[in-house]
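S.K.: If it helps, the file is called target-v1.pdb and holds PDB, C-alpha atoms, pLDDT in the B column:
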ATOM      1  CA  MET Y   1      98.627 -71.565 -12.703  1.00 40.00           C
ATOM      2  CA  THR Y   2     100.514 -71.049  -9.471  1.00 46.00           C
ATOM      3  CA  GLY Y   3      99.890 -73.865  -7.078  1.00 49.00           C
ATOM      4  CA  ARG Y   4     100.418 -73.843  -3.342  1.00 49.00           C
ATOM      5  CA  THR Y   5     100.869 -76.794  -1.089  1.00 47.00           C
ATOM      6  CA  ASP Y   6     101.485 -76.579   2.652  1.00 58.00           C
ATOM      7  CA  ALA Y   7     105.127 -75.676   2.162  1.00 85.00           C
ATOM      8  CA  ALA Y   8     105.745 -74.754  -1.485  1.00 91.00           C
ATOM      9  CA  VAL Y   9     104.557 -72.686  -4.430  1.00 93.00           C
ATOM     10  CA  THR Y  10     105.163 -73.271  -8.131  1.00 94.00           C
ATOM     11  CA  ALA Y  11     106.251 -70.449 -10.429  1.00 94.00           C
ATOM     12  CA  ARG Y  12     104.506 -69.588 -13.687  1.00 94.00           C
ATOM     13  CA  ALA Y  13     106.342 -68.299 -16.736  1.00 94.00           C
ATOM     14  CA  GLY Y  14     107.743 -64.832 -16.085  1.00 93.00           C
ATOM     15  CA  ASP Y  15     107.375 -64.888 -12.300  1.00 94.00           C
ATOM     16  CA  THR Y  16     109.924 -63.140 -10.137  1.00 94.00           C
ATOM     17  CA  LEU Y  17     110.506 -64.464  -6.639  1.00 92.00           C
ATOM     18  CA  ASP Y  18     109.002 -61.446  -4.911  1.00 90.00           C
ATOM     19  CA  GLU Y  19     105.940 -61.424  -7.190  1.00 94.00           C
ATOM     20  CA  LEU Y  20     105.379 -65.154  -6.662  1.00 93.00           C
ATOM     21  CA  LEU Y  21     105.671 -64.888  -2.895  1.00 91.00           C
ATOM     22  CA  TRP Y  22     103.365 -61.879  -2.681  1.00 91.00           C
ATOM     23  CA  ARG Y  23     100.687 -63.273  -5.016  1.00 92.00           C
ATOM     24  CA  SER Y  24     100.663 -66.789  -3.609  1.00 89.00           C
ATOM     25  CA  CYS Y  25     101.395 -66.319   0.074  1.00 87.00           C
ATOM     26  CA  ALA Y  26     101.146 -62.577   0.853  1.00 87.00           C
ATOM     27  CA  LEU Y  27     104.801 -62.667   1.896  1.00 89.00           C
ATOM     28  CA  GLY Y  28     106.823 -59.472   1.672  1.00 88.00           C
ATOM     29  CA  PRO Y  29     110.428 -58.304   2.002  1.00 90.00           C
ATOM     30  CA  ALA Y  30     110.583 -59.183   5.700  1.00 89.00           C
ATOM     31  CA  ASP Y  31     109.976 -62.844   4.781  1.00 89.00           C
ATOM     32  CA  TRP Y  32     112.638 -63.108   2.068  1.00 88.00           C
ATOM     33  CA  PRO Y  33     115.543 -64.156   4.340  1.00 92.00           C
ATOM     34  CA  ALA Y  34     113.531 -67.170   5.518  1.00 92.00           C
ATOM     35  CA  VAL Y  35     112.557 -68.044   1.929  1.00 93.00           C
ATOM     36  CA  LEU Y  36     116.159 -67.722   0.718  1.00 93.00           C
ATOM     37  CA  ALA Y  37     117.343 -69.913   3.611  1.00 94.00           C
ATOM     38  CA  LEU Y  38     114.816 -72.600   2.602  1.00 93.00           C
ATOM     39  CA  ASN Y  39     115.853 -72.402  -1.075  1.00 94.00           C
ATOM     40  CA  PRO Y  40     119.650 -72.319  -1.290  1.00 94.00           C
ATOM     41  CA  GLY Y  41     120.843 -71.236  -4.725  1.00 92.00           C
ATOM     42  CA  ILE Y  42     117.521 -69.786  -5.878  1.00 92.00           C
ATOM     43  CA  ALA Y  43     119.047 -66.305  -6.099  1.00 89.00           C
ATOM     44  CA  ASP Y  44     121.566 -67.691  -8.615  1.00 91.00           C
ATOM     45  CA  ALA Y  45     118.680 -68.545 -10.980  1.00 87.00           C
ATOM     46  CA  GLY Y  46     118.346 -64.869 -11.908  1.00 89.00           C
ATOM     47  CA  PRO Y  47     115.540 -62.361 -11.456  1.00 91.00           C
ATOM     48  CA  VAL Y  48     112.917 -64.333 -13.411  1.00 95.00           C
ATOM     49  CA  LEU Y  49     112.144 -67.877 -12.307  1.00 94.00           C
ATOM     50  CA  ALA Y  50     111.699 -70.639 -14.846  1.00 93.00           C
ATOM     51  CA  ALA Y  51     108.140 -71.915 -15.189  1.00 94.00           C
ATOM     52  CA  GLY Y  52     107.586 -74.856 -12.885  1.00 94.00           C
ATOM     53  CA  THR Y  53     110.213 -73.809 -10.349  1.00 93.00           C
ATOM     54  CA  ILE Y  54     109.105 -75.020  -6.934  1.00 94.00           C
ATOM     55  CA  VAL Y  55     109.820 -72.592  -4.104  1.00 94.00           C
ATOM     56  CA  ALA Y  56     109.647 -73.730  -0.488  1.00 94.00           C
ATOM     57  CA  VAL Y  57     107.949 -71.214   1.785  1.00 92.00           C
ATOM     58  CA  PRO Y  58     108.101 -70.843   5.564  1.00 90.00           C
ATOM     59  CA  PRO Y  59     105.040 -71.857   7.541  1.00 84.00           C
ATOM     60  CA  ALA Y  60     102.513 -69.115   8.120  1.00 73.00           C
ATOM     61  CA  PRO Y  61     102.673 -67.620  11.584  1.00 70.00           C
ATOM     62  CA  ALA Y  62      99.766 -68.406  13.847  1.00 69.00           C
ATOM     63  CA  THR Y  63      97.372 -65.499  13.871  1.00 69.00           C
ATOM     64  CA  PRO Y  64      96.517 -64.239  17.325  1.00 66.00           C
ATOM     65  CA  ALA Y  65      92.902 -64.426  18.374  1.00 68.00           C
ATOM     66  CA  THR Y  66      91.029 -61.190  17.888  1.00 76.00           C
ATOM     67  CA  PRO Y  67      89.953 -59.804  21.235  1.00 79.00           C
ATOM     68  CA  THR Y  68      86.221 -59.345  21.629  1.00 80.00           C
ATOM     69  CA  ARG Y  69      84.352 -56.706  23.548  1.00 80.00           C
ATOM     70  CA  ASP Y  70      80.889 -56.756  25.033  1.00 83.00           C
ATOM     71  CA  LEU Y  71      78.297 -54.910  23.009  1.00 81.00           C
ATOM     72  CA  ILE Y  72      77.115 -51.712  24.648  1.00 82.00           C
ATOM     73  CA  GLN Y  73      73.789 -50.302  23.541  1.00 83.00           C
ATOM     74  CA  LEU Y  74      73.067 -46.715  24.437  1.00 82.00           C
ATOM     75  CA  TRP Y  75      69.325 -47.042  23.890  1.00 82.00           C
ATOM     76  CA  ASP Y  76      67.033 -50.055  24.300  1.00 66.00           C
TER      77      ASP Y  76
END
Written as structure tokens, that's how I'd like the structure from this file.

M.R.:
Amino acid sequence: MTGRTDAAVTARAGDTLDELLWRSCALGPADWPAVLALNPGIADAGPVLAAGTIVAVPPAPATPATPTRDLIQLWD
């Protein structure tokens, strides 16, 4: 099972880096440079990660607050 801590995920057998990042953290291609910078040499491991490989992930960006609007009722 893929586990996630605050800053890392663990690969299962047969995982690719992009599949692991998408499934575990919802990270996509735009996030890969940050992941590769946090994990020097991970690209040299090949396309399929070994089971148990721990991959550091960047912190999730803070989500902006959703603006709210006053409820308008047309009829009482």

S.K.: What is the atom CA of Ala26 of chain Y to atom CA of Pro67 of chain Y distance in Å?

M.R.: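 Separating atom CA of Ala26 of chain Y from atom CA of Pro67 of chain Y is a distance of 23.4 Å.
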
S.K.: Run the PyMOL selection byres ((chain Y and resi 17) around 9) mentally over the shown coordinates, then write out the matched residues as a short mmCIF file (atom, residue, chain, number, x, y, z; two decimals) with C-alpha atoms, in the coordinates of the input, using the chain letters and numbers from the document.

M.R.:
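New file expr.cif:
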data_model
loop_
_atom_site.label_atom_id
_atom_site.label_comp_id
_atom_site.auth_asym_id
_atom_site.auth_seq_id
_atom_site.Cartn_x
_atom_site.Cartn_y
_atom_site.Cartn_z
CA ALA Y 11 106.25 -70.45 -10.43
CA ASP Y 15 107.38 -64.89 -12.30
CA THR Y 16 109.92 -63.14 -10.14
CA ASP Y 18 109.00 -61.45 -4.91
CA GLU Y 19 105.94 -61.42 -7.19
CA LEU Y 20 105.38 -65.15 -6.66
CA LEU Y 21 105.67 -64.89 -2.90
CA TRP Y 22 103.36 -61.88 -2.68
CA ILE Y 42 117.52 -69.79 -5.88
CA ALA Y 43 119.05 -66.31 -6.10
CA PRO Y 47 115.54 -62.36 -11.46
CA VAL Y 48 112.92 -64.33 -13.41
CA LEU Y 49 112.14 -67.88 -12.31
CA VAL Y 55 109.82 -72.59 -4.10
#

S.K.: Which polymer residues, protein or nucleic acid, are no farther than 10 Å from (112.5, -75.3, -14.5), counting only C-alpha atoms, as a short mmCIF file (atom, residue, chain, number, x, y, z; two decimals) with C-alpha atoms, keeping the file's coordinate frame?

M.R.:
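After the write, out33.cif holds the following:
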data_model
loop_
_atom_site.label_atom_id
_atom_site.label_comp_id
_atom_site.auth_asym_id
_atom_site.auth_seq_id
_atom_site.Cartn_x
_atom_site.Cartn_y
_atom_site.Cartn_z
CA THR Y 10 105.16 -73.27 -8.13
CA ALA Y 11 106.25 -70.45 -10.43
CA ARG Y 12 104.51 -69.59 -13.69
CA ALA Y 13 106.34 -68.30 -16.74
CA ALA Y 45 118.68 -68.54 -10.98
CA LEU Y 49 112.14 -67.88 -12.31
CA ALA Y 50 111.70 -70.64 -14.85
CA ALA Y 51 108.14 -71.92 -15.19
CA GLY Y 52 107.59 -74.86 -12.88
CA THR Y 53 110.21 -73.81 -10.35
CA ILE Y 54 109.10 -75.02 -6.93
#

S.K.: Produce the centre coordinates and the three edge lengths, each in Å to one decimal, of the box along x, y and z that contains all listed atoms of segment 12-21 of chain Y with 8 Å added on each side, as AutoDock Vina command-line options.

M.R.:
--center_x 107.5 --center_y -65.5 --center_z -9.8 --size_x 22.0 --size_y 24.2 --size_z 29.8

S.K.: From the options Y:Gly46, Y:Leu36, Y:Ala56, Y:Pro29, which residue's atoms come nearest to Val9 of chain Y, counting all atoms listed in the file?

M.R.: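 Of all the options, Y:Ala56 lies closest to Val9 of chain Y.
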